[in-house]
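Asks: First the structure, then my questions, so here it is.
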Amino acid sequence: MNDLVIATQGLSKSYNGKPALRGLDLEVPRGAIYGFLGRNGAGKTTTLKLLLGMLRRDAGEIWLLNAPIRSEMDSVAARRRIAFVTEEKELYPFMNVGQMIRFTRPFFPTWRPELEKKYLDVFRLPLNLSVSKLSKGMRTQLMLLLAMARGAELLIMDEPTSGLDPVATEEVLQALADLAAGGNATIFFSSHQLTEVEQICDRVCVIDDGKTVIDGVLDDLKSQYRRVVLVFDGEPPQSVASLPGVDHLRRRGRTVSLLAHTDIDGVVDRARELAPVSVEVHAVSLKELFLDHVRGE
Amino acid sequence: MLWYKAWLETRWRFTFLIGSILVVWLMLLWLPSLSSVPASRQWVGLQLGSVLLYMFAAIYLAGGGINSQTLYAVTSGFHGSMLFTLSLPVSRRRLLFVRAGLGAILTCSLVVCMAGYILFRRAEPVGALQSLADIARAVVCTMAVYALSVLLACVLDEMWQFMGACLIWFAVFLLGSRFAPVARFSPIRGMSLSSHPHSSATPWAAVITSAAVCVIFTCSSILILRRKEY
Amino acid sequence: MDLRINFTSGVPIYLQLMEQIKHAVETGAVRAGEQLPTIRKVAEELAMNPNTVARAYRELEHEGVIEVRHGSGAYVLEPGRSSKATAIRRSSDALRPAIEKAIVLGLSEPELRRVFESELSRLLDDAATARRKS
């Protein structure tokens with residue numbers, strides 16, 4: 001079986017009776033750059049915190065780096081090989097860049113000084129600058145440096161490019177591409193910046209309302225999913241709503257748009273039987289896939 | 001490096017404490033009327049002052065650490081960095097141990113210095129062993145106050161922790177002055193050198209109670225922190 | 001080699017990359033026997049996923065466009081029987097009437113591009129599926 005760096009089964013969590021995760025199943029293979037997508041409040045940050053032991057799960061199993069996480073000890077052991085970049089990129093305001101590095105280094109025997117030096121140069125972070133004076137972009141860079149230099153096998157990030165300008169965003173993505181190309185790291189991050197996810201991720205998972213709605217290899221999803229657009233002469237017939245093999249359907253006046261991912265030819269043939277004026281088949285972008293699955297009919 | 005971080009977090013509180021002590025001491029030196037106060041009254045004043053100092057140090061230095069760094073929705077900076085700390089491969093017990101441990105060390109240092117000073121000023125000479133026992137007694141009883149403060153800091157915000165601790169010990173003090181059995185076990189009486197009729201008897205009840213309280217509250221703090229969600 | 005990927009289009013990125021590299025070979029930006037940049041370099045320059053670059057290189061090797069030599073890198077191979085330039089000319093000739101017809105039918109430029117892309121990706125996809133089955 002695949003070497004799964006993250007695996008969850010039936011992961012559930014509620015806050016004060018309100019469910020945030022309802023049985024999440026996740027599989028992240030080694031070496032992937034995995035994008036975890038969802039609307040705000042869909043359960044992304046909850047999932048990350050559950051993985052890292054900051055929250056306690058109500059139900060379900062978690063495996064990190066092929067080891068089950070059942071106690072705090074398991075979690076501590078896993079964290080020796082994992083790095084986390086938080087959403088707000090907060091570090092200790094009473095330390096400066098150099099002190100943060102010196103503070104973090106001793107926790108990780110796998111620390112890689114050559115990466116520390118490389119990213120200090122690439123990001124141009126001055127050692128004496130206090131963390132409280134860093135912009136969000138620079139804090140992101142520092143957190144990335146601390147994450148990558150520790151030689152982690154798994155990098156978990158919460159909205160890595162939020163609040164960053166396009167140049168900073170590109171630098172972050174380049175650093176991630178470089179890290180992944182090194183061959184030892186798997187990257188798992190939550191985001192709702194679809195363009196960044198499309199650029200850097202090879203696998204994605206979309207969650208909505210605490211459950212997975214799509215997951216898989218991104219290029220395969222783009223190969224499999226098609227939008228079939230039908231235009232009718234008058235009102236579209238009722239039977240269009242019950243066409244088999246259709247994941248999602250949208251009507252706009254005389255136009256019906258169908259989303260499907262299996263047996264597209266079959267769907268097209270059955271659609272043609274309804275005598276539309278025109279039938280077009282289009283490729284689907286991640287944005288369309290995302291919106292269709294989380295916005296509902 | 002955790003100790004270094006704990007120190008960076010605590011140093012301002014500690015400095016404030018030292019500064020306050022210096023200010024009070026200077027003020028007392030300045031007031032000429034003090035030298036005319038009878039020695040016995042001075043002694044009582046010294047006791048009261050020292051007890052207040054121990055309590056204040058124990059309550060003040062226990063706050064502001066891992067316990068109280070809870071996440072707020074809006075604030076960033078100090079409080080949010082808790083997530084970074086928690087993502088490190090360190091158990092919560094160790095985090096508490098270092099942070100509370102440093103505060104404890106600082107508090108004990110203050111107690112030792114203050115108690116030593118008081119014993120130095122004591123009218124009747126007393127053996128070295130007894131003096132050490134007295135200092136140790138002050139430390140143990142202060143640690144009971146400290147342990148409760150740490151426990152409160154695990155569940156309350158900083159301001160509430162401070163006020164809550166003050167309220168609780170004030171209540172203990174009042175009950176102690178009203179009911180003798182309470183006074184026997186009260187750490188407040190245990191840490192003060194004038195808590196017993198003869199200056200050389202050790203109030204074992206208070207000391208043992210303090211030690212027990214210390215252990216119980218520390219274990220409780222660990223348990224609470226283990227289950228806390230961030 | 002100037003590579004441009006449209007990450008948000010519905011066309012899989014590895015296919016786009018393959019097309020870009022093939023186009024670079026046809027236009028002579030890279031010649032037979034020359035080495036392609038490493039996967040790592042491409043990934044870092046475009047800030048894209050190295051696994052995706054690796055997939056594109058694998059597929060290109062499968063199609064006989066490039067050859068991956070162990071420890072050395074990826075090299076462009078000599079073209080097949082018919083010369084590439086001829087193939088380009090013949091494809092242009094075949095496409096011209098179809099494009100003219102679409103314009104006569106009243107399609108605008110973006111509409112025409114959309115139709116073309118959707119047909120292209122469908123055909124490429126069918127080819128890939130057929131190859132996987134074989």
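A note on labels: chains of the structure tokens are A, B, ... as shown, every chain counts residues from 1, and ligands are counted from 1 in their shown order.
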List as a Markdown table every residue of chain B that is in contact with chain A, defined as an atom at most 8 Å from one of its atoms (using only C-alpha atoms), together with the nearest atom pair and the distance in Å rounded to one decimal, sorted by chain and then rising number.
Replies:
```
| residue | atom | partner | partner_atom | distance |
| --- | --- | --- | --- | --- |
| B:Met1 | CA | A:Phe103 | CA | 5.5 |
| B:Leu2 | CA | A:Phe103 | CA | 7.6 |
| B:Lys5 | CA | A:Phe103 | CA | 7.9 |
| B:Leu8 | CA | A:Phe94 | CA | 7.0 |
| B:Glu9 | CA | A:Phe94 | CA | 7.6 |
| B:Ser76 | CA | A:Glu90 | CA | 6.9 |
| B:Gly77 | CA | A:Glu90 | CA | 5.6 |
| B:Phe78 | CA | A:Tyr92 | CA | 6.3 |
| B:Gly80 | CA | A:Glu90 | CA | 5.7 |
| B:Ser81 | CA | A:Glu90 | CA | 4.8 |
| B:Leu83 | CA | A:Thr86 | CA | 7.1 |
| B:Phe84 | CA | A:Leu91 | CA | 6.7 |
| B:Leu86 | CA | A:Met54 | CA | 7.0 |
| B:Ser87 | CA | A:Phe84 | CA | 6.2 |
| B:Leu88 | CA | A:Arg79 | CA | 6.2 |
| B:Pro89 | CA | A:Val76 | CA | 4.7 |
| B:Val90 | CA | A:Val76 | CA | 6.0 |
| B:Ser91 | CA | A:Val76 | CA | 6.3 |
| B:Arg227 | CA | A:Arg56 | CA | 7.8 |
| B:Lys228 | CA | A:Leu55 | CA | 7.7 |
| B:Glu229 | CA | A:Leu55 | CA | 4.9 |
| B:Tyr230 | CA | A:Met54 | CA | 5.5 |
```
Asks: What are the nearest atom pairs, with distances in Å to one decimal, for all residues of chain C that come at most 8 Å from chain A, using only C-alpha atoms, set out by chain and rising residue number as CSV?
Replies:
```
residue,atom,partner,partner_atom,distance
C:Phe7,CA,A:Gln199,CA,5.4
C:Thr8,CA,A:Ser285,CA,5.9
C:Ser9,CA,A:Ser285,CA,5.5
C:Gly10,CA,A:Ser285,CA,4.2
C:Val11,CA,A:Lys222,CA,6.6
C:Pro12,CA,A:Asp219,CA,4.7
C:Ile13,CA,A:Asp219,CA,6.5
C:Tyr14,CA,A:Asp219,CA,7.3
C:Ile39,CA,A:Ala181,CA,7.8
C:Arg40,CA,A:Ala181,CA,5.5
C:Ala43,CA,A:Ala177,CA,5.8
C:Glu44,CA,A:Gln174,CA,5.1
C:Glu45,CA,A:Gln174,CA,7.1
C:Leu46,CA,A:Gln174,CA,7.5
C:Ala47,CA,A:Gln174,CA,4.3
C:Met48,CA,A:Ile200,CA,4.5
C:Asn49,CA,A:Ile200,CA,4.8
C:Pro50,CA,A:Ala181,CA,5.6
C:Asn51,CA,A:Asp202,CA,7.0
C:Thr52,CA,A:Asp202,CA,6.6
C:Arg114,CA,A:His282,CA,7.7
C:Val115,CA,A:His282,CA,7.7
C:Glu117,CA,A:Ala283,CA,8.0
C:Ser118,CA,A:His282,CA,5.0
C:Glu119,CA,A:Val281,CA,7.9
C:Ser121,CA,A:Ala283,CA,7.3
C:Asp125,CA,A:Ser223,CA,6.5
```
Asks: Using backbone DSSP assignments, extract all helix (DSSP H, G or I) residues from region 4-173 of chain B; output them as JSON, numbers by chain.
Replies: {"B": [4, 5, 6, 7, 8, 9, 10, 11, 12, 13, 14, 15, 16, 17, 18, 19, 20, 21, 22, 23, 24, 25, 26, 27, 28, 29, 30, 32, 33, 34, 35, 36, 39, 40, 41, 42, 43, 44, 45, 46, 47, 48, 49, 50, 51, 52, 53, 54, 55, 56, 57, 58, 59, 60, 61, 62, 66, 67, 68, 81, 82, 83, 84, 85, 86, 92, 93, 94, 95, 96, 97, 98, 99, 100, 101, 102, 103, 104, 105, 106, 107, 108, 109, 110, 111, 112, 113, 114, 115, 116, 117, 118, 119, 120, 128, 129, 130, 131, 132, 133, 134, 135, 136, 137, 138, 139, 140, 141, 142, 143, 144, 145, 146, 147, 148, 149, 150, 151, 152, 153, 154, 155, 158, 159, 160, 161, 162, 163, 164, 165, 166, 167, 168, 169, 170, 171, 172, 173]}
Asks: Which residues come within 10 Å of Gly64 (chain C), counting only C-alpha atoms, excluding same-chain residues fewer than 6 positions away, as number ranges by chain?
Replies: C: 58, 76-80
Asks: Counting only C-alpha atoms, what is within 10 Å of Lys117 (chain A), bar same-chain residues fewer than 5 positions away, as a PyMOL selection string?
Replies: chain A and resi 112+122+145+149
